[in-house]
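Here is start-v7.cif, consisting of mmCIF, C-alpha atoms:
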data_work
#
loop_
_atom_site.label_atom_id
_atom_site.label_comp_id
_atom_site.auth_asym_id
_atom_site.auth_seq_id
_atom_site.Cartn_x
_atom_site.Cartn_y
_atom_site.Cartn_z
CA MET A 1 111.25 102.76 96.38
CA LEU A 2 111.58 99.40 98.05
CA ILE A 3 110.34 99.56 101.66
CA ALA A 4 111.06 96.86 104.25
CA ILE A 5 108.96 96.49 107.40
CA ASP A 6 110.12 94.04 110.06
CA GLY A 7 108.92 93.30 113.56
CA PRO A 8 107.60 90.61 115.91
CA ALA A 9 104.26 88.81 115.68
CA GLY A 10 101.23 90.96 116.47
CA ALA A 11 102.97 94.30 116.06
CA GLY A 12 100.51 95.27 113.32
CA LYS A 13 102.89 94.77 110.40
CA THR A 14 100.34 93.24 108.05
CA THR A 15 97.68 95.93 108.54
CA VAL A 16 100.19 98.77 108.43
CA SER A 17 102.15 97.39 105.47
CA ARG A 18 99.00 96.89 103.42
CA ALA A 19 97.73 100.38 104.29
CA LEU A 20 101.10 101.97 103.48
CA ALA A 21 101.24 100.18 100.13
CA ASP A 22 97.71 101.36 99.32
CA ARG A 23 98.60 104.94 100.29
CA LEU A 24 101.71 104.93 98.05
CA GLY A 25 100.21 102.90 95.20
CA TYR A 26 102.81 100.16 95.78
CA ARG A 27 102.59 96.37 95.79
CA TYR A 28 102.26 94.76 99.21
CA ILE A 29 104.19 91.51 99.77
CA ASP A 30 103.49 89.45 102.91
CA THR A 31 106.62 87.31 103.11
CA GLY A 32 105.33 85.57 106.23
CA ALA A 33 102.66 84.03 104.02
CA LEU A 34 105.42 82.34 102.01
CA TYR A 35 106.77 80.64 105.14
CA ARG A 36 103.24 79.68 106.10
CA GLY A 37 102.77 78.29 102.60
CA VAL A 38 105.82 76.06 103.02
CA ALA A 39 104.59 74.98 106.46
CA TYR A 40 101.18 74.15 104.98
CA GLU A 41 102.77 71.96 102.31
CA VAL A 42 105.03 70.30 104.91
CA THR A 43 101.87 69.26 106.76
CA LYS A 44 99.86 68.37 103.67
CA GLN A 45 102.62 66.26 102.15
CA ALA A 46 103.68 64.69 105.48
CA VAL A 47 107.26 65.98 105.18
CA ASP A 48 109.53 65.78 108.23
CA PRO A 49 110.12 69.47 109.17
CA GLU A 50 113.51 68.55 110.68
CA ASP A 51 114.80 66.56 107.70
CA ASP A 52 116.69 68.97 105.44
CA LEU A 53 116.84 66.48 102.58
CA ASP A 54 113.06 66.04 102.62
CA LEU A 55 112.62 69.81 102.86
CA ALA A 56 114.96 70.36 99.91
CA ARG A 57 112.94 67.90 97.82
CA LEU A 58 109.76 69.73 98.83
CA CYS A 59 111.22 73.11 97.80
CA ALA A 60 112.31 71.68 94.44
CA ARG A 61 108.73 70.85 93.55
CA LEU A 62 106.97 73.78 95.23
CA GLU A 63 105.25 76.41 93.09
CA LEU A 64 104.32 79.28 95.37
CA LYS A 65 103.11 82.52 93.83
CA PHE A 66 101.01 85.56 94.66
CA VAL A 67 97.99 86.36 92.51
CA GLU A 68 96.15 89.68 92.74
CA ASP A 69 92.41 89.38 93.32
CA LYS A 70 90.32 92.54 93.68
CA GLY A 71 93.24 94.47 95.11
CA ASN A 72 94.37 91.70 97.45
CA LEU A 73 97.28 89.32 96.97
CA ARG A 74 96.30 85.67 97.36
CA LEU A 75 98.88 82.92 97.84
CA PHE A 76 98.66 79.96 95.50
CA SER A 77 100.50 76.67 95.81
CA ASP A 78 100.61 74.54 92.67
CA GLY A 79 97.55 76.39 91.33
CA THR A 80 95.47 76.13 94.53
CA ASP A 81 94.54 79.17 96.62
CA ILE A 82 95.79 78.40 100.14
CA SER A 83 95.48 81.93 101.56
CA ASP A 84 92.86 81.00 104.14
CA ARG A 85 94.32 77.58 104.97
CA ILE A 86 97.64 79.00 106.22
CA ARG A 87 96.16 81.10 109.04
CA THR A 88 95.61 78.39 111.65
CA PRO A 89 97.56 78.38 114.95
CA GLN A 90 99.16 75.06 113.97
CA ILE A 91 100.50 76.42 110.69
CA THR A 92 101.62 79.60 112.46
CA MET A 93 103.83 77.68 114.91
CA LEU A 94 105.17 75.33 112.23
CA ALA A 95 106.02 78.30 110.01
CA SER A 96 108.12 79.72 112.84
CA ALA A 97 109.94 76.38 113.13
CA VAL A 98 110.60 75.81 109.41
CA SER A 99 111.77 79.41 109.01
CA ALA A 100 114.85 78.44 111.04
CA ARG A 101 115.88 75.79 108.49
CA PRO A 102 118.62 77.06 106.09
CA VAL A 103 117.20 75.10 103.15
CA ILE A 104 113.85 76.88 103.52
CA ARG A 105 115.34 80.33 104.01
CA ASN A 106 117.61 79.94 100.96
CA TYR A 107 114.68 78.82 98.80
CA LEU A 108 112.51 81.75 99.86
CA LEU A 109 115.39 84.25 99.78
CA ASP A 110 115.67 83.81 96.02
CA LEU A 111 111.91 84.01 95.56
CA GLN A 112 111.60 87.20 97.64
CA ARG A 113 114.46 88.94 95.86
CA LYS A 114 112.88 88.18 92.49
CA LEU A 115 109.65 89.75 93.74
CA GLY A 116 111.57 92.86 94.78
CA GLN A 117 113.37 93.49 91.51
CA GLU A 118 110.70 95.87 90.22
CA LYS A 119 110.72 97.94 93.43
CA ALA A 120 107.63 100.10 94.17
CA ALA A 121 106.80 97.55 96.87
CA VAL A 122 106.34 97.20 100.61
CA PHE A 123 107.81 93.95 101.95
CA GLU A 124 106.70 92.75 105.36
CA GLY A 125 108.59 90.14 107.35
CA ARG A 126 111.17 89.49 110.03
CA ASP A 127 114.46 89.80 108.18
CA MET A 128 113.59 92.04 105.25
CA GLY A 129 115.93 94.87 106.25
CA THR A 130 118.72 92.71 107.65
CA VAL A 131 119.02 89.83 105.16
CA VAL A 132 116.65 89.89 102.19
CA PHE A 133 116.89 93.56 101.25
CA PRO A 134 119.81 95.15 103.14
CA GLU A 135 119.87 97.78 100.36
CA ALA A 136 116.16 98.71 100.80
CA ASP A 137 115.47 102.41 100.39
CA LEU A 138 113.60 102.56 103.69
CA LYS A 139 113.59 100.13 106.61
CA PHE A 140 111.11 100.20 109.46
CA PHE A 141 111.03 98.04 112.59
CA LEU A 142 107.52 97.98 114.04
CA ASP A 143 107.11 96.83 117.62
CA ALA A 144 104.60 96.96 120.49
CA SER A 145 104.30 95.61 124.02
CA THR A 146 103.79 91.85 124.36
CA ARG A 147 100.34 92.30 125.91
CA LYS A 148 99.20 94.68 123.18
CA ARG A 149 100.43 92.32 120.47
CA ALA A 150 98.65 89.40 122.12
CA LEU A 151 95.39 91.39 122.34
CA ARG A 152 95.59 92.26 118.66
CA ARG A 153 96.24 88.67 117.65
CA PHE A 154 93.46 87.41 119.95
CA GLU A 155 90.93 89.77 118.34
CA GLU A 156 92.12 88.73 114.89
CA LEU A 157 91.73 85.01 115.66
CA LYS A 158 88.47 85.11 117.63
CA SER A 159 86.31 84.11 114.68
CA LYS A 160 88.76 81.44 113.47
CA SER A 161 90.07 79.83 116.66
CA HIS A 162 88.97 78.80 120.13
CA GLN A 163 92.25 79.85 121.73
CA THR A 164 92.03 81.76 124.99
CA PHE A 165 93.83 85.09 125.40
CA LYS A 166 96.43 83.42 127.64
CA GLU A 167 97.12 80.77 125.01
CA VAL A 168 97.58 83.46 122.37
CA GLU A 169 99.88 85.42 124.67
CA ASN A 170 101.97 82.30 125.38
CA GLU A 171 102.18 81.60 121.66
CA ILE A 172 103.38 85.16 121.00
CA GLN A 173 106.08 84.76 123.65
CA ARG A 174 107.20 81.42 122.19
CA ARG A 175 107.42 82.91 118.72
CA ASP A 176 109.41 85.85 120.06
CA ARG A 177 111.90 83.45 121.63
CA ASN A 178 112.11 81.26 118.53
CA ASP A 179 112.47 84.18 116.11
CA SER A 180 114.96 86.20 118.13
CA THR A 181 117.26 83.36 119.27
CA ARG A 182 117.57 81.27 116.10
CA ASP A 183 121.06 81.10 114.60
CA LEU A 184 119.95 81.94 111.06
CA SER A 185 118.52 85.41 110.39
CA PRO A 186 117.30 86.15 113.93
CA LEU A 187 114.62 88.78 114.37
CA LYS A 188 116.32 92.11 115.05
CA PRO A 189 116.21 95.66 113.70
CA ALA A 190 118.58 96.58 110.89
CA SER A 191 121.24 99.03 112.07
CA ASP A 192 119.67 101.75 109.92
CA ALA A 193 116.01 100.85 110.57
CA ILE A 194 113.55 103.46 111.79
CA MET A 195 112.06 102.17 115.06
CA ILE A 196 108.32 102.64 115.61
CA ASP A 197 106.49 101.56 118.79
CA SER A 198 102.83 101.08 117.89
CA THR A 199 101.61 100.21 121.39
CA ASN A 200 99.70 103.50 121.77
CA LEU A 201 99.33 104.44 118.11
CA THR A 202 96.45 103.80 115.72
CA VAL A 203 97.05 102.23 112.32
CA ASN A 204 96.56 105.60 110.62
CA GLU A 205 99.05 107.27 112.95
CA VAL A 206 101.68 104.64 112.18
CA VAL A 207 101.04 104.89 108.44
CA ASP A 208 101.14 108.70 108.56
CA LEU A 209 104.50 108.48 110.30
CA MET A 210 105.87 106.07 107.68
CA VAL A 211 104.56 108.21 104.83
CA SER A 212 106.28 111.25 106.32
CA TYR A 213 109.62 109.40 106.28
CA THR A 214 108.95 108.24 102.73
CA MET A 215 108.18 111.75 101.51
CA LYS A 216 111.21 113.15 103.32
CA LEU A 217 113.48 110.65 101.57
CA ALA A 218 111.83 111.32 98.21
CA ARG A 219 112.44 115.06 98.58
CA ALA A 220 116.07 114.45 99.59
CA GLU A 221 116.66 112.31 96.49
CA SER A 222 114.90 114.62 94.02
#
Mind converting the file's structure to structure tokens?
Amino acid sequence: MLIAIDGPAGAGKTTVSRALADRLGYRYIDTGALYRGVAYEVTKQAVDPEDDLDLARLCARLELKFVEDKGNLRLFSDGTDISDRIRTPQITMLASAVSARPVIRNYLLDLQRKLGQEKAAVFEGRDMGTVVFPEADLKFFLDASTRKRALRRFEELKSKSHQTFKEVENEIQRRDRNDSTRDLSPLKPASDAIMIDSTNLTVNEVVDLMVSYTMKLARAES
């Protein structure tokens, strides 16, 4: 199957998607990393993030690809592993901004759909079920309270950033506004998505729930 998992920042999508893929023996694709990769190259190459012509030229020469390393997918840009370089707060906010540019979304739409052709994959993002894979076999929308999402992101960033909890919470709220109000592919559940609130659930409980839906669909189709 092809499984799409969408949701806002800090909802636990990455951890859950990776765990679900491991449980099913599927590939895990973090599409947010692709947007971060573009944002990283925008910064590195001093491209104007609001100039569509410059962005189009950047996309034409970009070579983003995932490479498996000891069970983990690492993101490479032009042969260089940038997986750790794309996780800074600055790249996070710029990724949210460039994701609203049509030229960037069109470039990555093609790339993501090519990655999904073989199926047997879990795709994590913000518009997987609504735009990239509207025909996905299963669509989940994973959410949690704003405070819970901010706490999770704060714990994740503690060793990499000096941001306070309040700064992280404000950043989460800004990203929510940016992602949900943009004109192109706004963050929202697909009409047929299964809604899961992870505020009071552990990772294993969320994954168990997703696996149960997966098995139920598999039995219905067999």
Selection near region 71-83 of chain A, 8 Å with all atoms listed in the file, sequence-local residues under 5 positions removed, as a ChimeraX atom specification = /A:28-29,33-34,37,62-66
Keeping C-alpha atoms, export the residues of the selection given above as a compact mmCIF listing (two decimals), keeping the file's coordinate frame.
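The resulting selection_19.txt:
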# COMPACT_ATOMS: atom_id res chain seq x y z
CA TYR A 28 102.26 94.76 99.21
CA ILE A 29 104.19 91.51 99.77
CA ALA A 33 102.66 84.03 104.02
CA LEU A 34 105.42 82.34 102.01
CA GLY A 37 102.77 78.29 102.60
CA LEU A 62 106.97 73.78 95.23
CA GLU A 63 105.25 76.41 93.09
CA LEU A 64 104.32 79.28 95.37
CA LYS A 65 103.11 82.52 93.83
CA PHE A 66 101.01 85.56 94.66
Selection result for the PyMOL selection byres ((chain A and resi 179) around 10) on this file, as an NGL selection string = :A and (8-9 or 96-97 or 99-100 or 126-127 or 173-178 or 180-188)
Pick from A:Asn200, A:Ser222, A:Thr31, A:Ser161, whichever lies nearest to Asp6 (chain A) using all atoms listed in the file =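 Of the candidates, the smallest distance to Asp6 (chain A) is held by A:Thr31.
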In Å, rounded to a single decimal, give me how far CA of Thr146 (chain A) is from CA of Thr164 (chain A).
->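 Separation of CA of Thr164 (chain A) and CA of Thr146 (chain A): 15.5 Å.
A cut-off of 12 Å from the point (113.7, 72.1, 95.3), with only C-alpha atoms, picks out the residues Val38, Asp52, Leu53, Asp54, Leu55, Ala56, Arg57, Leu58, Cys59, Ala60, Arg61, Leu62, Glu63, Leu64, Val103, Ile104, Asn106, Tyr107, Leu108 and Asp110 of chain A.
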Could you give me, as an MDAnalysis selection string, the residues within 9 Å of Lys139 (chain A), counting all atoms listed in the file and dropping anything in the same chain fewer than 2 positions from it?
-> chainID A and resid 2:6 128:129 134 136:137 141 189:190 192:195
Output for the residues just chosen: C-alpha atoms as a compact mmCIF listing (two decimals), keeping the file's coordinate frame:
# COMPACT_ATOMS: atom_id res chain seq x y z
CA LEU A 2 111.58 99.40 98.05
CA ILE A 3 110.34 99.56 101.66
CA ALA A 4 111.06 96.86 104.25
CA ILE A 5 108.96 96.49 107.40
CA ASP A 6 110.12 94.04 110.06
CA MET A 128 113.59 92.04 105.25
CA GLY A 129 115.93 94.87 106.25
CA PRO A 134 119.81 95.15 103.14
CA ALA A 136 116.16 98.71 100.80
CA ASP A 137 115.47 102.41 100.39
CA PHE A 141 111.03 98.04 112.59
CA PRO A 189 116.21 95.66 113.70
CA ALA A 190 118.58 96.58 110.89
CA ASP A 192 119.67 101.75 109.92
CA ALA A 193 116.01 100.85 110.57
CA ILE A 194 113.55 103.46 111.79
CA MET A 195 112.06 102.17 115.06
Extract, using all atoms listed in the file, all DNA, RNA and protein residues at most 9 Å from Glu169 (chain A), discarding same-chain residues fewer than 2 positions from it, and format them as a list in words.
-> Thr146, Arg147, Arg149, Ala150, Leu151, Arg153, Phe154, Thr164, Phe165, Lys166, Glu167, Glu171, Ile172, Gln173 and Arg174 of chain A
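The coordinates place CA of Leu109 (chain A) at 8.6 Å from CA of Val131 (chain A).
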What is the distance, in Å and to one decimal place, between CA of Arg36 (chain A) and CA of Leu201 (chain A)?
->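 CA of Arg36 (chain A) sits 27.8 Å away from CA of Leu201 (chain A).
The shortest atom-to-atom distance to Ile86 (chain A), with all atoms listed in the file taken into account, belongs to A:Lys44 out of A:Lys44, A:Arg23, A:Arg105, A:Lys114.
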Distance criterion (only C-alpha atoms): nearest to Glu41 (chain A) out of A:Arg85, A:Lys148, A:Lys13, A:Lys70 |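 Ranked by minimum distance to Glu41 (chain A), first place goes to A:Arg85.
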Please complete region 193-205 of chain A so it has N, CA and C atoms, and hand it over as a PDB file, keeping the file's coordinate frame.
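Printed below is out-v2.pdb as written:
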ATOM      1  N   ALA A 193     117.482 100.876 110.573  1.00  0.00           N
ATOM      2  CA  ALA A 193     116.010 100.850 110.570  1.00  0.00           C
ATOM      3  C   ALA A 193     115.446 101.970 111.420  1.00  0.00           C
ATOM      4  N   ILE A 194     114.289 102.460 111.021  1.00  0.00           N
ATOM      5  CA  ILE A 194     113.550 103.460 111.790  1.00  0.00           C
ATOM      6  C   ILE A 194     112.634 102.698 112.754  1.00  0.00           C
ATOM      7  N   MET A 195     112.824 102.897 114.048  1.00  0.00           N
ATOM      8  CA  MET A 195     112.060 102.170 115.060  1.00  0.00           C
ATOM      9  C   MET A 195     110.731 102.877 115.330  1.00  0.00           C
ATOM     10  N   ILE A 196     109.641 102.092 115.309  1.00  0.00           N
ATOM     11  CA  ILE A 196     108.320 102.640 115.610  1.00  0.00           C
ATOM     12  C   ILE A 196     107.627 101.732 116.621  1.00  0.00           C
ATOM     13  N   ASP A 197     107.242 102.289 117.764  1.00  0.00           N
ATOM     14  CA  ASP A 197     106.490 101.560 118.790  1.00  0.00           C
ATOM     15  C   ASP A 197     105.011 101.876 118.592  1.00  0.00           C
ATOM     16  N   SER A 198     104.244 100.854 118.220  1.00  0.00           N
ATOM     17  CA  SER A 198     102.830 101.080 117.890  1.00  0.00           C
ATOM     18  C   SER A 198     101.889 100.792 119.049  1.00  0.00           C
ATOM     19  N   THR A 199     102.441 100.578 120.243  1.00  0.00           N
ATOM     20  CA  THR A 199     101.610 100.210 121.390  1.00  0.00           C
ATOM     21  C   THR A 199     100.446 101.183 121.590  1.00  0.00           C
ATOM     22  N   ASN A 200     100.735 102.483 121.510  1.00  0.00           N
ATOM     23  CA  ASN A 200      99.700 103.500 121.770  1.00  0.00           C
ATOM     24  C   ASN A 200      99.357 104.310 120.531  1.00  0.00           C
ATOM     25  N   LEU A 201      99.631 103.742 119.357  1.00  0.00           N
ATOM     26  CA  LEU A 201      99.330 104.440 118.110  1.00  0.00           C
ATOM     27  C   LEU A 201      98.258 103.687 117.327  1.00  0.00           C
ATOM     28  N   THR A 202      97.416 104.431 116.619  1.00  0.00           N
ATOM     29  CA  THR A 202      96.450 103.800 115.720  1.00  0.00           C
ATOM     30  C   THR A 202      97.161 103.423 114.426  1.00  0.00           C
ATOM     31  N   VAL A 203      96.492 102.626 113.622  1.00  0.00           N
ATOM     32  CA  VAL A 203      97.050 102.230 112.320  1.00  0.00           C
ATOM     33  C   VAL A 203      97.338 103.477 111.480  1.00  0.00           C
ATOM     34  N   ASN A 204      96.379 104.396 111.437  1.00  0.00           N
ATOM     35  CA  ASN A 204      96.560 105.600 110.620  1.00  0.00           C
ATOM     36  C   ASN A 204      97.735 106.447 111.108  1.00  0.00           C
ATOM     37  N   GLU A 205      97.933 106.493 112.417  1.00  0.00           N
ATOM     38  CA  GLU A 205      99.050 107.270 112.950  1.00  0.00           C
ATOM     39  C   GLU A 205     100.390 106.647 112.554  1.00  0.00           C
TER      40      GLU A 205
END
